[in-house]
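Peer 1: Sharing a structure here in structure tokens format.
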Amino acid sequence: MKTALITGATDGVGRVVARELGKQGWRVLVHGRNRERGEALVREIERAGGKASFLAADLSSLAEVRQLAEAVKKATSRLELLVNNAGIGTTGHAPGRLTSKDGHELRFAVNYLAGFLLTYLLMPLLKAGTPSRIVNVASAGQQAIDFDDVMLTRRYSGADAYRQSKLAQIMFTVDLAEELKGSGVIANALHPSTYMNTTMVRQSGVTPVSKVETGAEAILQLAVSPKLEGRSGLYFNVMSEARANPQAYDARARRQLRELSLKLTGL
Ligand SMILES: NC(=O)c1ccc[n+]([C@@H]2O[C@H](COP(=O)([O-])OP(=O)(O)OC[C@H]3O[C@@H](n4cnc5c(N)ncnc54)[C@H](OP(=O)(O)O)[C@@H]3O)[C@@H](O)[C@H]2O)c1
């Protein structure tokens, strides 16, 4: 039985992806920070004949990311799929600049840095599970990172914070593909769909224009489709390969981001 870890599976598109993988015969490690909703999803997957377990962690704490990786290692010796999906939208929290438990800008921390750390901590499991895949759920909303103010201390908006965190995920994906060449682990990123009907979209006051199922199908394409075999470092706009913000293809910017991320995570 293949094993997948889906972060942010207690709501939105991650929930649909977890349910679908359960139906397809995967063992699903459901991650979230809300135990009640996580365990309800586990029961739902099991009722449909699947196998699942819930792992709790607040990704706004790097210590909890490390605990999550330890819990995954206790649950399985190999992973065939990691979907870095958990995220915070452009609004929906108190106004003003928000920071993580470690003092980093909150969206950079939760949407990007947590996935960066988690991916490296789980790399031995992904390598044990080859052919295996990493899917980074990014967005079409992308903004070049200003390396003089990555933590947005000078000029802050939730939308800017969201967009730079989403581009950071794509830059990380391009790096991962290079690093993992020939290893049997592939990494791809995507914009799942535009304004799906999820909590983060509803909280931002935008009228949803697409279904969660559309985004789930796009994530599942990168996660399981034979079409992606051996293909890595790509960015998809829903179902089609696309170009991301030019900074994703700037090796110097990627190196800067990588060095900063290694420093911040203590890797
Ligand atoms: N919706 C869209 O139209 C859209 C468009 C482009 C990209 N995306 C991306 O798709 C992904 C999923 O978004 P969604 O629309 O499904 O949003 P959602 O319904 O708000 O779900 C987000 C998930 O992430 C979890 N999460 C948030 N902060 C967390 C934290 N600090 N620690 C642990 N888990 C945390 C949430 O947990 P709780 O249940 O506890 O809140 C939830 O499970 C995100 O990466 C988003 O950027 C969405």
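To be explicit about the labels: the chains of the structure tokens are called A, B, and onward in the order shown, and within each one the residues are counted from 1, while ligands get numbers from 1 in the order they are shown.
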Please provide as a PDB file with C-alpha atoms, in the first residue's frame all residues within 10 Å of Leu257 of chain A, with the sequence filter that same-chain residues fewer than 4 positions apart are discarded (counting only C-alpha atoms).
Peer 2:
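Written out: around_22.pdb:
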ATOM      1  CA  ILE A 145      10.715  38.348  -3.346  1.00  0.00           C
ATOM      2  CA  PHE A 147      15.615  40.051  -0.601  1.00  0.00           C
ATOM      3  CA  VAL A 150      11.756  39.174   2.907  1.00  0.00           C
ATOM      4  CA  ALA A 168       8.899  30.860  -2.878  1.00  0.00           C
ATOM      5  CA  MET A 171      11.360  28.470  -6.558  1.00  0.00           C
ATOM      6  CA  PHE A 172      11.865  25.661  -4.053  1.00  0.00           C
ATOM      7  CA  ALA A 251      19.206  30.861 -10.282  1.00  0.00           C
ATOM      8  CA  ARG A 252      20.726  33.657  -8.214  1.00  0.00           C
ATOM      9  CA  ALA A 253      17.415  34.517  -6.553  1.00  0.00           C
ATOM     10  CA  SER A 261      15.702  29.099   4.251  1.00  0.00           C
ATOM     11  CA  LEU A 262      18.514  26.804   5.395  1.00  0.00           C
ATOM     12  CA  LYS A 263      19.554  29.432   7.919  1.00  0.00           C
TER      13      LYS A 263
END
Peer 1: Quick one: pick out all strand (DSSP E or B) residues within segment 13-256 of chain A from a backbone DSSP run and write them as a PyMOL selection string.
Peer 2: chain A and resi 27-32+51-56+81-84+99+105+132-137+185-191+196+210+235-237+240-242
Peer 1: Please extract the residues at most 6 Å from ligand 1, counting only C-alpha atoms and all ligand atoms, and provide them as a VMD selection string, using the chain letters and residue numbers of this document.
Peer 2: chain A and resid 8 to 14 32 to 34 57 to 60 85 to 89 110 137 to 139 191 to 196 198 to 201
Peer 1: With N, CA, C and O atoms retained, export the selected residues as a short mmCIF file (atom, residue, chain, number, x, y, z; two decimals), in the first residue's frame.
Peer 2:
data_model
loop_
_atom_site.label_atom_id
_atom_site.label_comp_id
_atom_site.auth_asym_id
_atom_site.auth_seq_id
_atom_site.Cartn_x
_atom_site.Cartn_y
_atom_site.Cartn_z
N GLY A 8 -2.55 20.20 5.60
CA GLY A 8 -3.76 21.03 5.46
C GLY A 8 -4.90 20.24 4.86
O GLY A 8 -5.60 20.72 3.97
N ALA A 9 -5.10 19.01 5.38
CA ALA A 9 -6.15 18.15 4.82
C ALA A 9 -7.45 18.24 5.62
O ALA A 9 -8.40 17.51 5.35
N THR A 10 -7.50 19.14 6.60
CA THR A 10 -8.71 19.25 7.42
C THR A 10 -9.76 20.16 6.79
O THR A 10 -10.84 20.33 7.35
N ASP A 11 -9.44 20.74 5.64
CA ASP A 11 -10.40 21.68 5.03
C ASP A 11 -10.08 21.80 3.54
O ASP A 11 -9.03 21.32 3.07
N GLY A 12 -10.98 22.46 2.82
CA GLY A 12 -10.70 22.88 1.45
C GLY A 12 -10.27 21.78 0.50
O GLY A 12 -10.70 20.63 0.58
N VAL A 13 -9.33 22.14 -0.38
CA VAL A 13 -8.94 21.24 -1.46
C VAL A 13 -8.13 20.05 -0.93
O VAL A 13 -8.22 18.93 -1.46
N GLY A 14 -7.38 20.26 0.16
CA GLY A 14 -6.58 19.18 0.73
C GLY A 14 -7.45 18.04 1.23
O GLY A 14 -7.10 16.86 1.10
N GLY A 32 -3.26 18.26 9.93
CA GLY A 32 -4.01 19.49 10.16
C GLY A 32 -3.70 19.98 11.56
O GLY A 32 -2.87 19.39 12.26
N ARG A 33 -4.35 21.06 11.95
CA ARG A 33 -4.12 21.51 13.34
C ARG A 33 -5.38 21.33 14.17
O ARG A 33 -5.37 21.55 15.38
N ASN A 34 -6.48 20.93 13.51
CA ASN A 34 -7.73 20.73 14.23
C ASN A 34 -8.02 19.23 14.32
O ASN A 34 -8.39 18.59 13.34
N ALA A 57 -0.28 19.23 13.77
CA ALA A 57 0.86 20.14 13.94
C ALA A 57 0.44 21.53 13.47
O ALA A 57 -0.24 21.66 12.45
N ASP A 58 0.85 22.52 14.23
CA ASP A 58 0.65 23.90 13.79
C ASP A 58 1.91 24.30 13.02
O ASP A 58 3.00 24.39 13.60
N LEU A 59 1.75 24.55 11.74
CA LEU A 59 2.91 24.81 10.88
C LEU A 59 3.47 26.22 11.07
O LEU A 59 4.45 26.58 10.41
N SER A 60 2.87 26.99 11.97
CA SER A 60 3.46 28.30 12.25
C SER A 60 4.56 28.17 13.30
O SER A 60 5.08 29.17 13.79
N ASN A 85 0.31 21.32 1.04
CA ASN A 85 -0.91 22.03 0.64
C ASN A 85 -1.38 23.06 1.67
O ASN A 85 -2.03 24.03 1.30
N ALA A 86 -1.03 22.87 2.94
CA ALA A 86 -1.55 23.77 3.98
C ALA A 86 -1.17 25.20 3.67
O ALA A 86 -0.06 25.48 3.20
N GLY A 87 -2.07 26.11 3.92
CA GLY A 87 -1.74 27.51 3.67
C GLY A 87 -2.73 28.47 4.26
O GLY A 87 -3.86 28.12 4.62
N ILE A 88 -2.28 29.70 4.34
CA ILE A 88 -3.11 30.82 4.80
C ILE A 88 -3.32 31.73 3.61
O ILE A 88 -2.36 32.02 2.87
N GLY A 89 -4.53 32.23 3.44
CA GLY A 89 -4.84 33.10 2.29
C GLY A 89 -4.37 34.53 2.49
O GLY A 89 -3.56 34.83 3.37
N VAL A 110 4.30 29.77 7.17
CA VAL A 110 3.36 28.63 7.07
C VAL A 110 3.29 28.11 5.63
O VAL A 110 3.36 26.90 5.39
N VAL A 137 1.58 22.90 -3.49
CA VAL A 137 0.38 23.62 -3.91
C VAL A 137 0.63 25.12 -3.73
O VAL A 137 0.57 25.66 -2.63
N ALA A 138 0.95 25.76 -4.85
CA ALA A 138 1.28 27.19 -4.85
C ALA A 138 0.05 27.96 -5.33
O ALA A 138 -1.09 27.63 -4.94
N SER A 139 0.26 28.95 -6.17
CA SER A 139 -0.86 29.76 -6.66
C SER A 139 -0.42 30.56 -7.88
O SER A 139 0.79 30.78 -8.08
N HIS A 191 -0.80 25.96 -9.57
CA HIS A 191 -1.95 26.77 -9.17
C HIS A 191 -3.14 25.83 -9.32
O HIS A 191 -3.45 25.42 -10.45
N PRO A 192 -3.79 25.45 -8.21
CA PRO A 192 -4.82 24.40 -8.33
C PRO A 192 -6.07 24.83 -9.09
O PRO A 192 -6.62 24.06 -9.88
N SER A 193 -6.51 26.04 -8.84
CA SER A 193 -7.68 26.58 -9.54
C SER A 193 -7.92 27.98 -8.98
O SER A 193 -7.40 28.30 -7.92
N THR A 194 -8.68 28.78 -9.69
CA THR A 194 -8.86 30.18 -9.26
C THR A 194 -10.09 30.33 -8.38
O THR A 194 -11.19 29.93 -8.78
N TYR A 195 -9.89 30.94 -7.23
CA TYR A 195 -10.98 31.21 -6.28
C TYR A 195 -11.95 30.04 -6.15
O TYR A 195 -13.13 30.15 -6.47
N MET A 196 -11.39 28.94 -5.65
CA MET A 196 -12.25 27.80 -5.33
C MET A 196 -13.08 28.14 -4.11
O MET A 196 -12.72 29.01 -3.33
N THR A 198 -13.50 27.72 -0.98
CA THR A 198 -12.88 27.23 0.26
C THR A 198 -12.89 28.33 1.32
O THR A 198 -13.14 29.50 1.02
N THR A 199 -12.55 27.93 2.54
CA THR A 199 -12.57 28.87 3.66
C THR A 199 -11.71 30.10 3.36
O THR A 199 -12.14 31.24 3.59
N MET A 200 -10.48 29.88 2.85
CA MET A 200 -9.60 31.04 2.65
C MET A 200 -10.16 32.03 1.63
O MET A 200 -9.97 33.22 1.77
N VAL A 201 -10.85 31.52 0.64
CA VAL A 201 -11.43 32.42 -0.38
C VAL A 201 -12.64 33.14 0.21
O VAL A 201 -12.78 34.36 0.07
#
Peer 1: Between A:Lys127, A:Arg202, A:Arg78, A:Arg258, which has the minimum distance to Lys2 of chain A (counting only C-alpha atoms)?
Peer 2: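 Nearest to Lys2 of chain A: A:Arg78.
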Peer 1: Identify, on the basis of only C-alpha atoms, every residue whose closest approach to segment 49-54 of chain A does not exceed 7 Å; exclude the query and any residue fewer than 2 positions from it along the same chain; express the result as a ChimeraX atom specification.
Peer 2: /A:22-23,25,27-31,38-39,42,45-47,56
